[in-house]
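For reference, target-v2.cif (mmCIF, C-alpha atoms):
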data_final
#
loop_
_atom_site.label_atom_id
_atom_site.label_comp_id
_atom_site.auth_asym_id
_atom_site.auth_seq_id
_atom_site.Cartn_x
_atom_site.Cartn_y
_atom_site.Cartn_z
CA MET A 14 108.35 125.74 82.62
CA THR A 15 108.27 123.99 79.25
CA THR A 16 110.31 124.45 76.13
CA GLN A 17 107.80 127.01 74.93
CA THR A 18 108.52 129.23 77.94
CA LEU A 19 112.24 129.55 77.32
CA THR A 20 113.40 133.07 76.75
CA PRO A 21 113.86 134.14 73.12
CA GLU A 22 117.61 134.00 73.56
CA ALA A 23 117.36 130.48 74.94
CA GLU A 24 115.17 129.47 72.03
CA ARG A 25 117.71 130.83 69.57
CA TYR A 26 120.51 129.09 71.39
CA LEU A 27 118.55 125.85 71.34
CA SER A 28 117.83 126.17 67.62
CA GLU A 29 121.50 126.70 66.85
CA VAL A 30 122.44 123.67 68.89
CA ARG A 31 119.76 121.69 67.07
CA HIS A 32 121.29 122.77 63.79
CA GLU A 33 124.70 121.56 64.94
CA LEU A 34 123.23 118.17 65.77
CA ASP A 35 121.30 117.66 62.57
CA ASP A 36 123.81 115.13 61.24
CA LEU A 37 122.96 112.71 64.05
CA ASN A 38 120.29 110.09 63.77
CA GLU A 39 116.88 111.04 65.14
CA GLU A 40 117.18 109.09 68.36
CA ASP A 41 120.54 110.53 69.41
CA ARG A 42 119.55 114.01 68.38
CA ALA A 43 116.28 113.86 70.30
CA GLU A 44 118.01 112.65 73.47
CA LEU A 45 120.65 115.35 73.40
CA LEU A 46 118.14 118.08 72.63
CA GLU A 47 116.05 116.93 75.57
CA ASP A 48 119.07 117.49 77.82
CA VAL A 49 119.88 120.82 76.23
CA THR A 50 116.33 122.01 76.71
CA GLN A 51 116.34 121.12 80.37
CA HIS A 52 119.75 122.69 80.83
CA LEU A 53 118.69 125.95 79.26
CA ALA A 54 115.48 125.95 81.26
CA ALA A 55 117.44 125.52 84.48
CA ILE A 56 119.79 128.38 83.60
CA VAL A 57 116.92 130.63 82.63
CA GLU A 58 115.09 129.82 85.83
CA GLU A 59 118.17 130.80 87.79
CA GLY A 60 118.56 134.05 85.93
CA PRO A 61 116.34 135.01 82.99
CA ASP A 62 118.81 137.63 81.88
CA THR A 63 121.79 135.29 81.80
CA ASP A 64 123.98 135.79 78.76
CA LEU A 65 123.91 132.24 77.47
CA ARG A 66 126.86 132.62 75.13
CA ALA A 67 128.99 134.03 77.86
CA ARG A 68 127.79 131.32 80.21
CA LEU A 69 127.90 128.31 77.92
CA GLY A 70 130.02 129.36 74.97
CA GLU A 71 129.00 129.33 71.34
CA PRO A 72 126.31 126.78 70.40
CA THR A 73 128.78 125.12 68.04
CA SER A 74 131.24 124.38 70.82
CA TYR A 75 128.50 123.49 73.26
CA ALA A 76 126.94 121.00 70.87
CA ASN A 77 130.26 119.44 69.97
CA GLU A 78 131.30 119.15 73.61
CA MET A 79 128.06 117.49 74.55
CA ARG A 80 128.02 114.98 71.72
CA VAL A 81 131.63 113.98 72.34
CA ALA A 82 130.97 113.54 76.06
CA ALA A 83 127.94 111.45 75.17
CA GLY A 84 130.16 109.09 73.20
CA LEU A 85 129.14 110.33 69.75
CA ASN A 86 131.40 111.46 66.94
CA PRO A 87 132.14 115.14 66.66
CA ARG A 88 130.53 116.92 63.76
CA ALA A 89 132.59 116.53 60.58
CA GLY A 90 134.92 119.45 60.11
CA GLU A 91 134.35 120.66 63.62
CA ALA A 92 138.12 120.83 64.32
CA ALA A 93 138.40 124.01 62.30
CA PRO A 94 136.42 126.86 63.81
CA ALA A 95 133.86 128.29 61.43
CA ALA A 96 134.91 131.47 59.73
CA THR A 97 131.26 132.52 59.60
CA PRO A 98 130.55 135.31 62.04
CA SER A 99 128.41 134.22 64.95
CA THR A 100 125.75 136.78 64.06
CA LEU A 101 125.34 135.31 60.60
CA ARG A 102 125.24 131.83 62.05
CA ARG A 103 122.53 132.92 64.45
CA LEU A 104 120.52 134.43 61.65
CA THR A 105 120.96 131.32 59.52
CA ALA A 106 119.90 129.09 62.36
CA GLY A 107 116.95 131.34 63.08
CA VAL A 108 115.73 131.13 59.49
CA TRP A 109 116.37 127.41 59.35
CA GLU A 110 114.30 126.82 62.45
CA HIS A 111 111.50 129.25 61.57
CA ARG A 112 108.22 127.40 61.70
CA TRP A 113 107.49 128.01 58.05
CA VAL A 114 110.89 126.69 57.03
CA ARG A 115 110.53 123.75 59.37
CA GLY A 116 107.13 123.05 57.87
CA ALA A 117 108.59 123.18 54.37
CA ARG A 118 111.39 120.87 55.43
CA GLN A 119 108.88 118.40 56.82
CA PHE A 120 106.78 118.67 53.65
CA TYR A 121 109.86 117.93 51.52
CA SER A 122 110.74 115.05 53.78
CA ASP A 123 107.26 113.58 53.35
CA LEU A 124 107.37 113.97 49.55
CA ALA A 125 110.93 112.76 49.11
CA PRO A 126 110.05 109.08 48.55
CA GLY A 127 107.72 110.05 45.72
CA TRP A 128 110.47 112.14 44.16
CA TRP A 129 112.86 109.18 44.38
CA VAL A 130 110.44 107.11 42.29
CA LEU A 131 109.93 109.92 39.76
CA ARG A 132 113.68 110.45 39.59
CA GLY A 133 114.14 106.79 38.69
CA ILE A 134 111.52 107.06 35.96
CA LEU A 135 113.21 110.13 34.51
CA ILE A 136 116.66 108.55 34.65
CA ALA A 137 115.41 105.58 32.66
CA GLY A 138 113.21 107.51 30.25
CA LEU A 139 114.94 110.80 29.46
CA PRO A 140 117.69 109.35 27.24
CA PHE A 141 114.96 107.85 25.04
CA TRP A 142 112.53 110.78 25.22
CA ALA A 143 115.23 113.13 23.98
CA GLY A 144 115.68 111.26 20.72
CA MET A 145 114.03 111.88 17.37
CA ASP A 146 111.94 108.74 17.80
CA ALA A 147 110.78 109.78 21.22
CA GLY A 148 107.19 108.92 20.41
CA ASP A 149 108.06 105.21 20.26
CA HIS A 150 109.31 105.38 23.84
CA ILE A 151 106.33 107.01 25.48
CA PRO A 152 105.53 106.23 28.24
CA ILE A 153 107.82 103.21 28.67
CA PRO A 154 111.11 103.17 26.75
CA ALA A 155 111.52 100.37 24.26
CA PRO A 156 115.24 99.92 23.65
CA GLY A 157 115.74 97.71 20.64
CA GLU A 158 111.95 97.79 20.21
CA GLU A 159 111.68 95.58 23.27
CA ARG A 160 109.21 97.07 25.73
CA ILE A 161 110.07 94.49 28.39
CA ALA A 162 113.65 95.77 28.35
CA GLY A 163 112.36 99.24 28.99
CA VAL A 164 110.21 98.04 31.86
CA THR A 165 113.20 96.27 33.38
CA LEU A 166 115.35 99.34 32.95
CA MET A 167 112.77 101.54 34.58
CA VAL A 168 112.27 99.21 37.54
CA LEU A 169 116.01 99.04 38.14
CA ALA A 170 116.37 102.80 37.87
CA ILE A 171 113.54 103.36 40.35
CA ALA A 172 115.04 100.86 42.78
CA ALA A 173 118.45 102.51 42.55
CA SER A 174 116.99 105.97 43.03
CA VAL A 175 114.99 104.91 46.09
CA ALA A 176 118.01 103.14 47.56
CA LEU A 177 120.14 106.26 47.09
CA GLY A 178 117.49 108.37 48.74
CA LYS A 179 117.26 106.05 51.75
CA LEU A 180 121.03 105.94 52.16
CA GLY A 181 121.06 109.72 52.23
CA ARG A 182 118.69 109.74 55.16
CA ARG A 183 120.02 107.24 57.59
CA GLY A 184 123.29 106.60 59.30
CA LYS A 185 126.23 108.72 60.28
CA ARG A 186 127.96 108.33 56.88
CA ARG A 187 125.07 109.56 54.84
CA THR A 188 126.74 112.78 53.66
CA PRO A 189 128.25 111.35 50.42
CA PHE A 190 124.90 109.85 49.52
CA VAL A 191 123.15 113.14 50.22
CA TYR A 192 125.50 114.93 47.85
CA ALA A 193 125.18 112.18 45.23
CA GLY A 194 121.42 112.32 45.44
CA ALA A 195 121.40 116.11 45.15
CA ALA A 196 123.73 116.06 42.13
CA LEU A 197 121.63 113.39 40.43
CA THR A 198 118.47 115.37 41.13
CA ALA A 199 119.99 118.51 39.61
CA LEU A 200 121.09 116.61 36.49
CA VAL A 201 117.71 114.97 36.06
CA ILE A 202 115.86 118.28 36.42
CA LEU A 203 118.14 120.02 33.90
CA ALA A 204 117.79 117.16 31.43
CA ALA A 205 114.05 117.05 31.90
CA PHE A 206 113.63 120.75 31.15
CA ASN A 207 115.85 120.41 28.10
CA VAL A 208 113.74 117.56 26.78
CA TYR A 209 110.49 119.32 27.64
CA ALA A 210 111.59 122.45 25.77
CA THR A 211 112.33 120.41 22.67
CA PHE A 212 109.39 118.05 22.70
CA ASP A 213 106.87 119.83 24.82
CA TYR A 214 103.99 118.82 22.61
CA ILE A 215 104.63 115.19 23.49
CA LEU A 216 104.63 115.47 27.23
CA PHE A 217 102.53 118.55 27.85
CA PRO A 218 99.65 120.22 26.04
CA LYS A 219 100.69 123.33 24.12
CA TRP A 220 98.65 125.65 26.27
CA ALA A 221 100.50 124.56 29.40
CA ILE A 222 103.94 125.16 27.95
CA SER A 223 102.88 128.42 26.28
CA ALA A 224 101.57 129.69 29.57
CA PHE A 225 104.72 128.68 31.38
CA ILE A 226 107.27 129.95 28.87
CA GLN A 227 106.53 133.42 27.59
CA ASN A 228 106.79 133.88 23.83
CA ALA A 229 107.43 130.18 23.42
CA PRO A 230 107.01 129.26 19.73
CA VAL A 231 103.96 127.14 19.07
CA THR A 232 105.08 123.85 17.66
CA GLY A 233 103.69 122.12 14.61
CA LEU A 234 101.80 118.94 13.97
CA THR A 235 102.48 115.82 15.94
CA SER A 236 101.48 112.22 15.61
CA GLN A 237 101.81 109.21 17.85
CA HIS A 238 105.34 108.83 16.42
CA GLY A 239 106.53 112.34 17.17
CA PRO A 240 106.78 115.64 15.29
CA VAL A 241 105.33 115.77 11.77
CA THR A 242 107.58 117.64 9.36
CA ASN A 243 105.84 116.78 6.09
CA ILE A 244 102.66 115.21 4.74
CA HIS A 245 102.56 113.14 1.55
CA PRO A 246 98.98 112.98 0.29
CA TYR A 247 97.72 110.35 -2.19
CA ASP A 248 94.37 109.76 -3.80
CA SER A 249 92.51 106.48 -3.39
CA GLN A 250 94.18 105.14 -6.54
CA GLY A 251 97.57 105.61 -5.05
CA ASN A 252 98.48 108.64 -7.14
CA PRO A 253 100.64 111.15 -5.29
CA LEU A 254 99.04 114.55 -4.87
CA GLU A 255 100.75 117.91 -4.90
CA ASN A 256 99.86 121.28 -3.43
CA VAL A 257 97.22 119.86 -1.10
CA LEU A 258 95.91 122.37 1.42
CA LEU A 259 95.02 120.92 4.82
CA TYR A 260 92.76 122.36 7.50
CA ASP A 261 91.61 121.06 10.89
CA GLN A 262 88.06 120.56 12.16
CA ALA A 263 87.75 124.30 12.91
CA GLY A 264 89.01 125.36 9.52
CA ARG A 265 92.44 126.31 10.77
CA PRO A 266 95.41 125.59 8.53
CA LEU A 267 97.51 122.65 9.62
CA LYS A 268 101.17 123.57 9.85
CA ALA A 269 103.81 120.92 10.12
CA ASP A 270 106.94 121.26 12.16
CA ILE A 271 110.18 122.08 10.39
CA GLN A 272 112.66 119.28 9.87
CA ARG A 273 116.07 120.50 10.93
CA ALA A 274 118.16 117.36 10.94
CA TRP A 275 118.58 115.12 7.93
CA ALA A 276 120.07 111.67 7.72
CA ASP A 277 122.30 112.73 4.78
CA GLN A 278 123.63 115.68 6.84
CA CYS A 279 122.35 118.18 4.28
CA ASN A 280 121.00 121.49 5.46
CA ARG A 281 117.52 122.03 4.03
CA VAL A 282 114.75 124.53 4.56
CA PRO A 283 111.07 124.37 3.58
CA ALA A 284 110.26 126.09 0.28
CA HIS A 285 106.59 126.98 0.77
CA PRO A 286 104.60 128.18 -2.21
CA ARG A 287 103.31 131.73 -2.26
CA SER A 288 99.80 132.84 -2.90
CA ALA A 289 98.91 135.46 -5.47
CA SER A 290 99.24 138.07 -2.80
CA GLY A 291 102.77 136.93 -2.08
CA ALA A 292 101.97 135.34 1.31
CA LEU A 293 103.67 132.10 2.22
CA VAL A 294 101.30 129.13 2.23
CA GLU A 295 102.75 126.92 4.91
CA PHE A 296 99.93 124.40 4.90
CA SER A 297 100.43 123.16 1.34
CA TYR A 298 101.64 119.58 1.19
CA PRO A 299 103.89 117.93 0.52
CA ILE A 300 106.43 120.50 1.68
CA ASP A 301 109.29 120.98 -0.75
CA TYR A 302 112.55 121.01 1.22
CA ARG A 303 115.39 122.70 -0.64
CA PRO A 304 119.05 123.16 0.27
CA ALA A 305 119.71 126.18 2.43
CA LEU A 306 121.67 128.67 0.36
CA HIS A 307 124.06 131.04 2.09
CA PRO A 308 126.16 133.69 0.31
CA GLY A 309 129.58 132.30 -0.45
CA ALA A 310 128.72 128.79 0.64
CA THR A 311 128.73 125.82 -1.71
CA VAL A 312 126.19 123.06 -1.67
CA GLU A 313 127.12 119.48 -2.32
CA GLU A 314 125.53 117.99 -5.39
CA ARG A 315 123.87 115.23 -3.43
CA CYS A 316 122.03 117.84 -1.39
CA LEU A 317 120.59 119.33 -4.55
CA GLN A 318 118.67 116.15 -5.23
CA LEU A 319 114.98 116.33 -4.47
CA VAL A 320 113.97 114.55 -1.29
CA PRO A 321 112.08 111.47 -2.46
CA ARG A 322 108.75 110.50 -1.02
CA PRO A 323 108.85 107.61 1.43
CA SER A 324 107.37 104.40 0.18
CA VAL A 325 103.93 103.93 1.67
CA PRO A 326 101.39 101.12 1.67
CA ILE A 327 98.36 102.21 -0.37
CA PRO A 328 95.22 100.33 0.67
CA THR A 329 92.98 98.86 -1.97
CA PHE A 330 89.39 100.11 -1.95
CA PRO A 331 86.39 98.19 -3.25
CA ASN A 332 84.90 99.54 -6.44
CA MET B 13 128.76 114.42 98.59
CA GLN B 14 130.70 116.71 100.87
CA CYS B 15 133.75 118.17 99.23
CA VAL B 16 136.81 119.60 100.87
CA VAL B 17 137.43 122.72 98.89
CA ALA B 18 141.05 123.02 97.89
CA THR B 19 142.81 126.11 99.22
CA SER B 20 145.75 125.92 96.86
CA PRO B 21 145.65 127.91 93.63
CA ALA B 22 143.54 126.13 91.01
CA LEU B 23 145.47 124.13 88.47
CA ASP B 24 144.56 123.98 84.82
CA THR B 25 142.95 120.58 85.22
CA SER B 26 140.75 120.66 82.14
CA GLN B 27 142.64 117.92 80.36
CA LEU B 28 142.88 115.79 83.49
CA LEU B 29 139.20 116.28 84.11
CA LYS B 30 138.25 114.83 80.76
CA GLY B 31 139.74 111.54 81.83
CA VAL B 32 138.04 111.35 85.21
CA LEU B 33 134.71 113.06 84.59
CA ASP B 34 132.92 109.74 84.61
CA ILE B 35 134.23 108.94 88.05
CA ALA B 36 133.45 112.43 89.31
CA VAL B 37 129.88 112.34 88.05
CA LEU B 38 129.26 108.88 89.48
CA ALA B 39 130.63 110.03 92.80
CA VAL B 40 128.34 113.05 92.86
CA VAL B 41 125.18 111.03 92.31
CA ARG B 42 126.33 108.19 94.49
CA ASP B 43 125.12 109.74 97.72
CA GLU B 44 122.22 111.71 96.32
CA ASP B 45 120.35 111.60 93.04
CA GLY B 46 120.81 114.66 90.93
CA TYR B 47 119.64 116.34 87.75
CA GLY B 48 122.07 117.70 85.20
CA TYR B 49 122.36 121.28 86.37
CA ASP B 50 122.50 120.16 89.98
CA VAL B 51 125.39 117.80 89.19
CA VAL B 52 127.24 120.66 87.48
CA ARG B 53 126.77 122.85 90.53
CA ARG B 54 127.97 120.15 92.91
CA LEU B 55 131.07 119.47 90.84
CA ARG B 56 131.91 123.15 90.77
CA ALA B 57 131.29 123.41 94.50
CA CYS B 58 134.02 120.80 94.93
CA GLY B 59 136.46 123.03 93.11
CA LEU B 60 136.13 121.64 89.60
CA ALA B 61 135.63 125.05 88.05
CA GLU B 62 136.84 123.83 84.66
CA VAL B 63 134.08 121.31 84.19
CA GLY B 64 131.89 122.18 81.22
CA ASP B 65 128.12 122.04 81.48
CA ALA B 66 127.80 120.26 78.16
CA SER B 67 130.40 117.69 79.18
CA VAL B 68 128.48 116.86 82.34
CA TYR B 69 125.20 116.47 80.50
CA GLY B 70 126.84 114.35 77.83
CA THR B 71 128.55 112.22 80.44
CA LEU B 72 125.31 111.66 82.31
CA ARG B 73 123.61 110.65 79.07
CA ARG B 74 126.42 108.23 78.19
CA LEU B 75 126.56 106.67 81.64
CA TYR B 76 122.80 106.22 81.51
CA LYS B 77 122.95 104.56 78.11
CA ASN B 78 125.75 102.32 79.30
CA GLY B 79 123.60 101.16 82.19
CA ALA B 80 125.51 102.79 85.04
CA LEU B 81 122.67 105.17 85.92
CA THR B 82 118.91 105.11 86.00
CA SER B 83 116.74 108.16 85.45
CA TYR B 84 113.35 109.49 86.37
CA VAL B 85 111.53 112.74 85.72
CA VAL B 86 110.20 114.95 88.47
CA PRO B 87 107.48 117.17 87.05
CA SER B 88 107.09 120.66 88.32
CA GLU B 89 104.25 123.07 87.96
CA SER B 90 106.25 126.18 88.71
CA GLY B 91 109.63 125.32 87.26
CA PRO B 92 111.16 123.16 84.57
CA HIS B 93 110.69 119.40 84.63
CA ARG B 94 113.82 117.77 85.88
CA LYS B 95 115.35 114.50 84.86
CA TYR B 96 117.10 113.00 87.85
CA TYR B 97 119.85 110.45 87.59
CA ALA B 98 120.48 107.77 90.18
CA ILE B 99 123.35 105.35 90.48
CA ASN B 100 122.57 101.65 90.30
CA ARG B 101 124.47 98.46 91.04
CA THR B 102 126.36 98.64 87.75
CA GLY B 103 127.28 102.23 88.41
CA ARG B 104 128.51 101.47 91.90
CA ASP B 105 130.70 98.67 90.63
CA LEU B 106 132.04 100.94 87.92
CA LEU B 107 132.73 103.71 90.43
CA GLU B 108 134.49 101.32 92.78
CA ALA B 109 136.71 99.92 90.05
CA SER B 110 137.46 103.35 88.62
CA THR B 111 138.27 104.74 92.03
CA LYS B 112 140.76 101.94 92.59
CA THR B 113 142.33 102.60 89.21
CA TRP B 114 142.52 106.32 89.90
CA ARG B 115 144.17 105.87 93.26
CA GLU B 116 146.75 103.50 91.86
CA PHE B 117 147.44 105.95 89.06
CA ALA B 118 147.70 108.87 91.44
CA GLU B 119 150.11 106.94 93.67
CA THR B 120 152.21 106.09 90.64
CA ILE B 121 152.39 109.70 89.58
CA ASP B 122 153.21 110.76 93.10
CA ALA B 123 156.03 108.25 93.14
CA VAL B 124 157.36 109.52 89.83
CA LEU B 125 157.25 113.12 91.07
CA ALA B 126 158.97 112.16 94.30
CA THR B 127 161.67 110.29 92.42
CA GLU B 128 162.28 113.24 90.07
CA LYS B 129 162.44 115.59 93.01
CA GLU B 130 165.09 113.47 94.71
CA ALA B 131 167.04 113.22 91.50
CA ALA B 132 166.94 116.99 91.14
#

Can you turn what I pasted into structure tokens?
Amino acid sequence: MTTQTLTPEAERYLSEVRHELDDLNEEDRAELLEDVTQHLAAIVEEGPDTDLRARLGEPTSYANEMRVAAGLNPRAGEAAPAATPSTLRRLTAGVWEHRWVRGARQFYSDLAPGWWVLRGILIAGLPFWAGMDAGDHIPIPAPGEERIAGVTLMVLAIAASVALGKLGRRGKRRTPFVYAGAALTALVILAAFNVYATFDYILFPKWAISAFIQNAPVTGLTSQHGPVTNIHPYDSQGNPLENVLLYDQAGRPLKADIQRAWADQCNRVPAHPRSASGALVEFSYPIDYRPALHPGATVEERCLQLVPRPSVPIPTFPN
Amino acid sequence: MQCVVATSPALDTSQLLKGVLDIAVLAVVRDEDGYGYDVVRRLRACGLAEVGDASVYGTLRRLYKNGALTSYVVPSESGPHRKYYAINRTGRDLLEASTKTWREFAETIDAVLATEKEAA
């Protein structure tokens, strides 16, 4: 008789015992489970209808008794009997040991090292990718405009993440590291989604985000520096141009993103011109940002000033 | 191992048994190799009804890891494969020393009980 020929009750009992031993290292756990399997097989051979719980007690107690007798530490918190009903515990153990769940657990275990590396990259990069100058920090952050510092930061973050992941896998005192790793993972994922939602056009193509997030607003123009919130056209002589209409290669109007934050803390909104039909022309540049006017609210005088054009280098063309 | 089954009412020896299970298990396999379930049965046949199956298996595993026992598997086509445990030189020395310690301890307790009885 092999493990596979245990009765269903014996299999369930074995799976619950396995669950109670999952905090042990692989070698100890495998040795004890080998004994448990043979024990159950012997009992079943003696009487296939034997009530294992009546005969051996609850799997929790059985597992704890065996590991203590084998010279191993009892499971943490084992002194207090579980308030969970035994039926629920059996169901939980059954689901946990279902072959699909076990396959998923093994798949996660195989992928975990890759996630540790990615987690380190995100830890190092997200604080920079969430900023207004995110484009300057793609793909490697450049704190203080020093790319080497960003590389160093990323390497250290990856090393720390991998070390945390390894500590959470081995040893009898791995529980705190498991919790720390899980908390860090949750934080990183939340931060990543927050950044992605704000700057999705940097890290993902629009069609991917639009497909993933229903009714997601399509963002405006971007450049290698980040979102484009205005365009200041000039002619070849360096004369600033007004009311320039811009279209892409397919004749579609180019719409810039809306600038929401201003260095002078003023609240401004784009004042697009209107066509003869009254429609807003959002692709006329430069965009005239005006103070947002709300009933009853006052606007500081400095915010009433027109936003000046940035100084730009105008190239000289041959005659 | 032939046991003389006690005829007196069984005592609640579970706590005592925890301290001497090693010696009991070594004694069982001393005369004849045994597998886990077999060792449990033999201990119970000697009157140790309180002994837990899991404790015996864990004790066998620990004694094996500590070098007091050796093990071998006997395959079976009709029944479960059985891992047999056998005592070795280290185990015999351990059993001998533990037996001596137990006897001295038992004599000491007997003396204490006798003294208390006289005092009463």

Proximity check chain B to chain A, 6 Å, nearest pairs one decimal Å, all atoms listed in the file, as JSON lines:
{"residue": "B:Ala66", "atom": "CA", "partner": "A:Met79", "partner_atom": "CA", "distance": 4.6}
{"residue": "B:Ser67", "atom": "CA", "partner": "A:Met79", "partner_atom": "CA", "distance": 5.2}
{"residue": "B:Gly70", "atom": "CA", "partner": "A:Ala83", "partner_atom": "CA", "distance": 4.1}
{"residue": "B:Thr71", "atom": "CA", "partner": "A:Ala82", "partner_atom": "CA", "distance": 5.2}
{"residue": "B:Arg73", "atom": "CA", "partner": "A:Ala83", "partner_atom": "CA", "distance": 5.9}
{"residue": "B:Arg74", "atom": "CA", "partner": "A:Ala83", "partner_atom": "CA", "distance": 4.7}
{"residue": "B:Gly91", "atom": "CA", "partner": "A:Met14", "partner_atom": "CA", "distance": 4.8}
{"residue": "B:Pro92", "atom": "CA", "partner": "A:Met14", "partner_atom": "CA", "distance": 4.3}

Report as a ChimeraX atom specification the residues that result from applying the PyMOL selection byres ((chain A and resi 172) around 12) to the structure here.
/A:126,129-134,136-137,165-171,173-179

Report the residues retrieved by the PyMOL selection byres ((chain B and resi 104) around 12) from the displayed file, expressed as a count of residues only.
27

Report as a ChimeraX atom specification the full result of the PyMOL selection byres ((chain A and resi 282) around 9) when it is applied to this structure.
/A:271-273,280-281,283-284,301-305

Between atom CA of Ser297 of chain A and atom CA of Gly239 of chain A - distance in Å to one decimal:
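Interatomic distance, atom CA of Gly239 of chain A to atom CA of Ser297 of chain A: 20.1 Å.
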
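Between atom CA of Asp35 of chain A and atom CA of Asn86 of chain A the separation is 12.6 Å.
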
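Closest approach to Val320 of chain A from the set A:Ser288, A:Gln262, A:Asn243, A:Asp248 is made by A:Asn243, with distances taken over all atoms listed in the file.
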
List as a list in words the residues having at least one atom at most 9 Å from position (133.7, 116.6, 91.7) as given in the file, counting all atoms listed in the file.
Met13, Cys15, Leu33, Ile35, Ala36, Val37, Ala39, Val40, Val51, Val52, Arg54, Leu55, Arg56, Ala57, Cys58, Gly59, Leu60 and Val63 of chain B

Work out how far atom CA of Lys268 of chain A is from atom CA of Gly251 of chain A, in Å to one decimal.
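Atom-to-atom, atom CA of Gly251 of chain A and atom CA of Lys268 of chain A are spaced 23.6 Å apart.
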
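Candidate residues A:Leu200, A:Ala269, A:Ala205, A:Leu139 were compared for distance to Gly233 of chain A, and the nearest is A:Ala269, using all atoms listed in the file.
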